[in-house]
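All remarks here apply to the structure that follows.
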Amino acid sequence: MRQANQERALAILSPLAALALWQLASNMGLIDQRYVPSPLSIANAGWDLATSGQLVFHIGASLRRLAIGFVLGAVPGILAGIVMGLNRWVRAAVDPLVAALYPIPKLALLPLLMLVFGIGDGSKVVVVAMSVLFLTIINTTAGVVQLDRIYFDVARNYHTPWHKLFLRVILPGALPTIFAGLRISLGVSLVVLVGAEFVASRSGIGYLIWSSWETLMIENMFVGIIVITVLGVLSTFFLQECERLLIPWRRD
Amino acid sequence: MTPPKIRMQGLTKAFGERGKRVVALDDFTLSVADGEFVCLVGPSGCGKTTALRIVAGLETADSGTLEVAPGADRKQPQNAMVFQEHGLFPWMTVVDNVAYGLEMRGVRKRARREQVEPFLEMIGLARFRHHYPRQLSGGMRQRVSLARAFVADPEILLMDEPFAALDAQNTLMLQDELLRIWEGSRKTVLYVTHGIDEALALGDRIVVMTAQPGRVKAIVPVDFPRPRSAAELRGDPKFGALQLSIWRMLEDEVRAARAQAEA
Ligand SMILES: Nc1ncnc2c1ncn2[C@@H]1O[C@H](COP(=O)(O)OP(=O)(O)O)[C@@H](O)[C@H]1O
Ligand SMILES: [Mg+2]
């Protein structure tokens with residue numbers, strides 16, 4: 001017990017020590033502040049961005065695109081994956097398409113998507129959705145295919161109506177594998193979103209980072225990097241909590 | 001005379017394509033009376049599971065006729081099957097697994113819980129009602145499987161080696177519990193096992209099957225008085241004698257099955 005507390009204290013202290021060292025090195029001129037500003041100046045810049053409302057604006061823009069894109073990719077992906085998992089003919093027909101489209105780096109499609117969906121939120125949402133879609137299809141299909149045949153036998157034996165079969169057997173049975181796909185999708189989504197916001201946006205954390213670089217406001221750039229990292233950690237945590245809630249039988 | 005609850009007449013079933021065709025059942029004929037507990041024994045691969053699945057409607061016979069619960073009103077489910085292992089849904093709690101049949105029939109949650117409760121008490125798992133199968137031992141899981149089938153209140157019960165994955169002590173306990181639950185309803189049961197002693201402890205009749213393709217080789221009546229105790233029966237001198245005579249019938253078939261497997 002005491003050892004665990006000591007370990008926890010150490011886990012908090014060591015990053016703080018690293019920050020202090022960083023600050024010290026900056027003050028002594030060991031680190032070139034033109035490239036890597038000191039923690040205090042980054043904090044300052046962060047405070048200014050926060051109080052001016054810019055930070056909330058950019059975070060809001062990125063979160064909105066991420067959330068909408070994620071849902072637009074995940075929901076159809078799950079539905080398509082279930083159909084493919086259940087029907088070998090559909091699987092045979094769609095598998096080659098998925099196999100061909102999945103490896104395309106979705107960011108490479110951004111210019112095309114901007115032609116189709118415009119330079120606004122649409123193209124960013126769609127590029128995120130596409131990154132999520134294929135991963136979700138692949139994982140959901142695998143989850144359904146791997147379902148033990150005996151569950152279908154039990155379902156038939158008790159005359160399970162099709163909507164119950166879907167909600168009580170297939171979906172929960174495939175859920176752990178679906179979530180494995182969603183976790184990977186989330187990481188990929190963040191990368192793709194930041195990339196899209198670099199080149200084709202007037203808002204969002206990606207835009208904040210890129211425009212700060214262009215105007216040589218290196219502190220603001222660092223604020224952006226830190227914020228997007230925190231967003232990544234928090235959204236991963238959120239997904240984990242959803243998983244814990246939706247898959248209670250896998251706990252402990 | 002009341003008609004049999006299950007009537008299988010000349011059931012034949014083959015699997016696979018040309019070249020690799022396996023005849024699982026060949027001209028299998030058997031009737032089970034209302035309230036009768038019939039055990040099927042035979043070497044592995046002789047078609048016991050296939051016969052049960054055909055009766056359950058999970059498989060269709062290539063030829064022959066099958067009649068289950070003729071003239072029964074359709075409000076009651078026709079059959080409920082207890083599988084050997086892994087038959088519970090891992091994502092449902094004990095109550096939800098036991099109540100599955102009721103839920104599928106559209107029984108409301110409140111009513112389901114009420115109907116399930118006495119069965120949970122009966123199998124001694126009331127305390128575990130909100131546990132998931134993963135959190136239970138193998139013996140507890142099979143108790144839940146039994147409860148699920150009994151709760152559904154079907155015309156007939158089908159059981160496919162439900163205790164085969166359990167250790168000897170657990171098996172003995174579960175056999176007694178099955179007998180106790182069954183005494184309460186006296187439902188018609190078709191029970192597959194590879195244990196002669198299990199068949200003797202549970203059944204009113206034992207059907208000995210031939211090696212593949214499966215046919216009826218012999219039918220042995222078992223007239224130990226009920227209610228029985230699976231454990232105490234084993235001390236009965238008649239028990240050992242019957243066990244040996246059934247083994248004699250089965251021995252050749254097991255040898256034949258082994259020869260087939262090695263060929
Ligand atoms: N779905 C299936 N496809 C192909 N062969 C099967 C299938 N089900 C059973 N068999 C074959 O039919 C024979 C009888 O199987 P089964 O009824 O499971 O035997 P038992 O339950 O007596 O061990 C076996 O040879 C088995 O391999
Ligand atoms: Mg079998």
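Naming scheme: A, B, ... for chains in displayed order of the structure tokens; residues 1 onward per chain; ligands 1 onward as shown.
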All residues within 10 Å of ligand 2 are required, counting only C-alpha atoms and all ligand atoms; please report them as JSON, numbers by chain. {"B": [42, 43, 44, 45, 46, 47, 48, 49, 50, 51, 52, 53, 83, 84, 160, 161, 192, 193, 194]}
Dump as a tab-separated table (two decimals), in the first residue's frame, selection limited to C-alpha atoms:
```tsv
chain	number	residue	atom	x	y	z
B	42	GLY	CA	-23.23	-44.67	-28.40
B	43	PRO	CA	-19.65	-44.23	-29.53
B	44	SER	CA	-18.63	-40.71	-30.43
B	45	GLY	CA	-19.46	-39.74	-33.98
B	46	CYS	CA	-22.40	-42.16	-34.16
B	47	GLY	CA	-24.94	-39.40	-34.73
B	48	LYS	CA	-26.32	-38.71	-31.25
B	49	THR	CA	-25.99	-34.95	-31.58
B	50	THR	CA	-27.38	-35.09	-35.09
B	51	ALA	CA	-30.47	-36.95	-33.88
B	52	LEU	CA	-31.03	-34.38	-31.15
B	53	ARG	CA	-30.53	-31.45	-33.51
B	83	PHE	CA	-25.89	-27.79	-24.93
B	84	GLN	CA	-22.70	-29.42	-23.72
B	160	ASP	CA	-26.62	-33.07	-25.36
B	161	GLU	CA	-24.03	-34.36	-22.90
B	192	VAL	CA	-27.48	-37.82	-24.92
B	193	THR	CA	-24.57	-39.10	-22.88
B	194	HIS	CA	-21.50	-41.21	-23.31
```
Distance limit 10 Å, atoms considered: only C-alpha atoms. Which chain B residues sit that close to chain A? Return them as JSON, numbers by chain. {"B": [53, 56, 57, 58, 77, 78, 79, 80, 81, 82, 83, 85, 86, 87, 88, 89, 90, 91, 92, 93, 100, 101, 102, 103, 104, 105, 106, 131, 132, 133, 134, 135, 149, 152, 154]}
Atomic separation - atom CA of A:Asp48 relative to atom CA of A:Met217, Å: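 Going from atom CA of A:Met217 over to atom CA of A:Asp48 covers 12.6 Å.
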Using only C-alpha atoms, can you tell me which of B:Val207, B:Leu233, B:Val23, B:Ala126 comes closest to B:Pro221? B:Val207
Shortest interatomic distance to A:Ile225 - which of A:Trp210, A:Phe238, A:Tyr35, A:Trp22, counting only C-alpha atoms: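 Closest to A:Ile225, using only C-alpha atoms: A:Trp210.
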May I ask which of the residues A:Tyr102, A:Phe237, A:Phe179, A:Phe198 is the closest one to A:Ser212, counting only C-alpha atoms?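 Ranked by minimum distance to A:Ser212, first place goes to A:Phe198.
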Neighbouring residues of stretch 82-93 of chain A were defined as those with any atom within 7 Å, considering only C-alpha atoms; residues of the same chain fewer than 2 positions away were excluded. Please report them as a PyMOL selection string. chain A and resi 78-80+95-96+140-142+144-145
From A:Ala4, A:Leu245, A:Val125, A:Ala18, residue lying nearest A:Val71 [only C-alpha atoms]: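 Among the listed residues, A:Val125 lies closest to A:Val71.
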Given only C-alpha atoms as the basis, pick out the residue of A:Ala108, A:Ile228, A:Leu101, A:Gly181 nearest to A:Val199.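 Smallest distance to A:Val199 is found for A:Ala108.
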What separation in Å, quoted to one decimal, exists between atom CA of B:Leu244 and atom CA of B:Asp176?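 Taking atom CA of B:Leu244 and atom CA of B:Asp176, their separation equals 22.2 Å.
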Find the residues near A:Leu186: any atom within 10 Å, counting only C-alpha atoms, skip ones fewer than 2 places away on the same chain, and give them as an MDAnalysis selection string. chainID A and resid 66:67 70 128 131:132 181:184 188:192 232 235:236 239
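Residue neighbourhood of A:Phe134, excluding near-sequence residues (fewer than 2 positions): Gly73, Ala74, Gly77, Val98, Ala99, Leu101, Tyr102, Ala129, Met130, Ser131, Val132, Thr136, Ile137, Ile138 and Asn139 of chain A, at 9 Å, using only C-alpha atoms.
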Residues just named, written with C-alpha atoms as a PDB file, in the first residue's frame:
```
ATOM      1  CA  GLY A  73     -17.866   6.502 -40.068  1.00  0.00           C
ATOM      2  CA  ALA A  74     -18.551   4.187 -37.143  1.00  0.00           C
ATOM      3  CA  GLY A  77     -19.246   0.746 -40.564  1.00  0.00           C
ATOM      4  CA  VAL A  98     -12.723  -2.819 -48.673  1.00  0.00           C
ATOM      5  CA  ALA A  99      -9.331  -4.401 -49.232  1.00  0.00           C
ATOM      6  CA  LEU A 101      -9.936   1.180 -50.406  1.00  0.00           C
ATOM      7  CA  TYR A 102      -8.686   0.587 -46.871  1.00  0.00           C
ATOM      8  CA  ALA A 129     -15.410   9.383 -41.423  1.00  0.00           C
ATOM      9  CA  MET A 130     -13.578   7.524 -44.172  1.00  0.00           C
ATOM     10  CA  SER A 131     -10.646   6.787 -41.884  1.00  0.00           C
ATOM     11  CA  VAL A 132     -13.048   5.316 -39.343  1.00  0.00           C
ATOM     12  CA  THR A 136     -14.785  -0.367 -38.351  1.00  0.00           C
ATOM     13  CA  ILE A 137     -16.079  -2.521 -41.212  1.00  0.00           C
ATOM     14  CA  ILE A 138     -13.069  -4.814 -41.012  1.00  0.00           C
ATOM     15  CA  ASN A 139     -13.250  -5.235 -37.244  1.00  0.00           C
TER      16      ASN A 139
END
```
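Residues in contact with B:Pro70 at up to 8 Å, not including ones fewer than 2 positions away on its chain and judged by only C-alpha atoms, are Pro3, Lys5, Glu67, Val68 and Ala72 of chain B.
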I'd like the contact shell of B:Gly195 - 12 Å cut-off, only C-alpha atoms, skipping same-chain residues fewer than 6 positions apart - returned as a VMD selection string. chain B and resid 39 to 44 160 to 164 168 171 to 172 175 201 to 203 206 208 243 246 to 247 250
Given only C-alpha atoms as the basis, pick out the residue of B:Thr12, B:Thr29, B:Arg74, B:Lys20 nearest to B:Asp62.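 For B:Asp62, the nearest of the candidates is B:Thr12.
The spacing separating atom CA of B:Lys217 from atom CA of B:Ala256 amounts to 13.4 Å.
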